[in-house]
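Have a look at the structure below before the remarks.
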Amino acid sequence: MNENYFPQELEKRWQKFYEENDVFKTTDDSDKPKYYALSMFPYPSGKLHMGHVRNYTITDVIARFKKLNGFNVLHPIGWDSFGLPAENAAMQHGANPAVWTDENIAYMTGQLKRLGISYDWDREVTTCKEDYYRWTQWIFLQLYKKGLAYKKEAAVNWCEKCGTVLANEQVIDGKCWRCDSVVEKKYLSQWFFKITDYAEDLLKDLDKLKGWGDNVKTMQANWIGKSQGAILKFKVVEKDLEIPVYTTRPDTVHGITYLVVAPEYKNIEELTTPENKQAVEEYRANARKLTEIERLSTERIKTGVPLGTHCINPFTGEKFPLWTADYALVEYGTGAVMAVPAHDTRDYDFAKKYNLPIKVVIQNSESPSDCSESAYVEEGVLVNSNEFNGMKNTEAKKAITQKAVDNGYGEFKTQYRLRDWLISRQRYWGAPIPVVYCDKCGIQPVPETQLPVRLPEDVDFSVVGKSPITTSPTFQDTICPVCGGHARRETDTMDTFVCSSWYYLRYADPHNTNLPFSKELVNKWLPVDQYVGGIEHAILHLLYSRFFTKALRDLGLLDFDEPFSNLLTQGMVLKDGSKMSKSKGNTVDPDEIFENYGADTARLFILSDSPPARDFDWSDAGVEGCYKFLNRVWKLFSNNQEYITLDYKLPEKLSKENDDLVRVVHMAIKSITNDISHDFQFNTVISRYRELTNAIYDWRGKKTELNEEDKAVFSFATTSLIKLMSPVTVFMADEIWKELGSETSIHDEKWCEYDENLAKASSITLVVQINGKVKDKIEADEGLDNDSLKEIAMNSQKIKDLIEGKTIVKTIVVPKKLVNIVVK
RNA sequence: GCCCUUGUGGCGGAAUCGGUAGACGCGUUGGACUUAAAAUCCAAUCGGGGUUAUCCCUCGGUGCCAGUUCAAGUCUGGCCAAGGGCACCA
């Protein structure tokens, strides 16, 4: 064994060995219980960054730990490989996106292997390959048949820079999630998935996700945005029309003083009188020009114009005017709002500005407000509300809605904020949407037998302002599957989030050529036992995947409701207090770390300083410290190889110091096992490695000669240490194991077991408190009962002096730990 | 405005049940080895005060203010700050 640790040489050797011997292959037929560990698959951007390293190392340690504990572990990887960067690179360098993507995948695959992640590469899934995207298209067709995929004209989010539409989830603060440019509204006919059909399911089933953090669950709940209220219908005086509004405050219905429709409201022209037409047209044109950001700004002063027409309040018979204002949103509720200025702050501001009446209908009985200064939005009792006067407003919500239901001008209504998922993209590098447009038959799905609809290669990537796919001379012209006549292919491709919404299912059955996956295999491996990835996917990917799982369940393709039982959202990797990014120039290249210190040091360090869920601050000194520690472990073995054997036998009876070391080992096994299995607290796991190493060094330092008993104890301690470290420092562990004479890999060993009786010190430190303050510490035997502990405490000279002349009120004894004497 | 998360030394962070606050590491300081440096090893390291025959004693201390308790980083109530999410959603 080399005296010194040379990770560069040994890691390369082991990597080659693992690859040649296919050691991480997972079989479907095993008696062992299954465990599915999954990292969010990467976009093949070119190189791994430290966030990847952290993500994959965490999952790898979990996978390896489960394998050592007797599970049949599925730990796959793949590539989320459709998307804009490949296309942009193609435009800039004239390269084909497929070639660019393949090169990146090849390089990053090499990095993952260097990092020592135990993937079953046989199950690798690449979303841009035909054998994958044909099934993405197939799933689209199943959703289409079920009515869950549809095309409609709508105001959609348009990113000019990316040249495509975006889903609501991809618009962050009015800006594109990818390129940060301001998003505009456009009216376009686009493909949607009907995720809103699952709004209630997606919300309700969050309760089933015990293994998810509350932060992610509340983010999803907020996004789904359920609210309960009523639809109330108001007759228009001047026209034979009815305007339905959605409200969560039917209790305030007697306080309506005007009604607002959105500028894009469908009947707005009909509702406008000739005298008001010009002003309304101008207002609407203006509203159209505003960006989403301007329009949604809460600081902006509310504006609007009257339409000239009126509605009747069926509860009071009162007539009130109709207005249009852009604070009413066409896409939420019915696009119309009943305005109760007295009890809604937005309506209040608007009414003040335009001198509209304010009518109080809810009051706090103790301190009535006339709403001359501000709206009263708290709970209270109804006034000016006919038969409902005196009723609590919480009860009135129900009673008033019921009256509307009974009289045919209203209904109870649950409303969600969630919108349908816009999946069309006007881009080349994605899975083509498998439909054609026939001049006679209209929209027709491509028959399953004709899948995949291949991406054309005869395209011009240099075009500006349209998708390269439209430049193909061969792609668009096709034949209608129904009538055989001329048809055009859809040129939009699918959002890459469609591809990533089912990849975790494909891993269960990656080579299936008849179906995306067999029901049997997907039910066997899923749900994912542990999913690990970044918090940035809290809504996007995780919500879409949950939707897909539910939709595929309803299609009869699988039998579970939720795809991911446990979710670990890892924190960001920071350097100097901010997120590592190329623009800030504070990135650390994993290759450099592999080169200088080896992958084991990288793995150890990325787990060592923070718990996985928290942000991790990269420090060069920390890397150095981990490298030193590995050297220390290495030397423990290289300097003592002659005393360490794998087939040692611990004698029954041990000397005191040997017994102590054995106990330290058992304690380490216990705490490491607990820390990994409970919260994946790898930072404390690594602390235990260091403590155990320190304890072994201390023990060794006291011995010049080792007798047979010593050698057995030393062997037990050192081999336990390296086994405990093996999920983290994978190469070093295998190398040392081999040097110790093993024919088989340390990764095929069983996890260390501990004896509860030995996993504690042979003596205890009895803490003696007076009035809750520590006054003395006394070494005592481990097995003493409470009375004996009390006696020991009372016999302490120090304690005797301190309680001299005082009255003992009572004495509390915590078994094996503490005596507290309460004195006056 | 609403919701979630987090507040512990110079720093990252430990601390099953309420029971020794600061494990482990980084950094710093001192020492050993060395011609010297690096590496390595040893020791010290929350703050104030006392005594300094360096071993103790004592007080304070986990964002702030109260409370419960023999005992609170941990439980309860009320605040404050930071990070994140949602938001003219009717």
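Residues in the structure tokens are numbered from 1 in each chain, the chains being A, B, ... in the order shown, and ligands are numbered from 1 in the order shown.
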Taking only C-alpha atoms (C1' of nucleotides) into account, produce a table as a tab-separated table in which each residue of chain A with an atom at most 8 Å from an atom of chain B appears once, together with its shortest atom pair and the distance in Å to one decimal, ordered by chain and rising number.
```
residue	atom	partner	partner_atom	distance
A:Asp214	CA	B:C4	C1'	6.9
A:Asn215	CA	B:C4	C1'	4.9
A:Thr218	CA	B:C4	C1'	6.6
A:Met219	CA	B:G85	C1'	5.8
A:Asn222	CA	B:C86	C1'	6.0
A:Trp223	CA	B:C86	C1'	7.0
A:Tyr246	CA	B:A90	C1'	6.9
A:Thr247	CA	B:A90	C1'	5.7
A:Thr248	CA	B:A90	C1'	7.1
A:Leu296	CA	B:C88	C1'	6.6
A:Ser297	CA	B:C88	C1'	7.6
A:Thr298	CA	B:C88	C1'	5.9
A:Tyr327	CA	B:C88	C1'	5.0
A:Ala328	CA	B:C88	C1'	7.4
A:Tyr332	CA	B:C89	C1'	6.5
A:Gly333	CA	B:C89	C1'	7.9
A:Val337	CA	B:A90	C1'	5.7
A:Met338	CA	B:A90	C1'	7.5
A:Arg346	CA	B:C88	C1'	6.8
A:Arg417	CA	B:C89	C1'	6.6
A:Asp609	CA	B:G12	C1'	5.6
A:Ser610	CA	B:G13	C1'	6.7
A:Asp617	CA	B:G12	C1'	7.6
A:Ala621	CA	B:C26	C1'	6.8
A:Gly622	CA	B:C26	C1'	6.3
A:Gly625	CA	B:C26	C1'	7.7
A:Thr684	CA	B:C24	C1'	7.5
A:Ile686	CA	B:C24	C1'	7.9
A:Ser687	CA	B:C24	C1'	4.4
A:Arg688	CA	B:C24	C1'	7.3
A:Arg690	CA	B:C24	C1'	7.0
A:Glu691	CA	B:C24	C1'	7.1
A:Val767	CA	B:U20	C1'	6.4
A:Asn771	CA	B:C70	C1'	6.3
A:Gly772	CA	B:A71	C1'	5.0
A:Val774	CA	B:U20	C1'	7.0
A:Lys810	CA	B:C70	C1'	7.7
A:Thr811	CA	B:C70	C1'	7.7
A:Ile812	CA	B:C70	C1'	6.9
A:Val814	CA	B:G19	C1'	7.2
A:Lys817	CA	B:G19	C1'	7.7
A:Leu818	CA	B:G19	C1'	6.8
A:Asn820	CA	B:C70	C1'	6.9
A:Ile821	CA	B:C70	C1'	7.5
A:Val822	CA	B:C70	C1'	5.9
```
**OP:** Apply DSSP to the backbone of this structure and, from segment 534-579 of chain A, keep only the residues in strand (DSSP E); write these as a PyMOL selection string.
**Re:** chain A and resi 534+567-570+573-575+578-579
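For the set A:Ile139, A:Cys626, A:Leu74, A:Ile479, the residue with the smallest atom-to-atom gap to Ala431 of chain A is A:Ile139, counting only C-alpha atoms.
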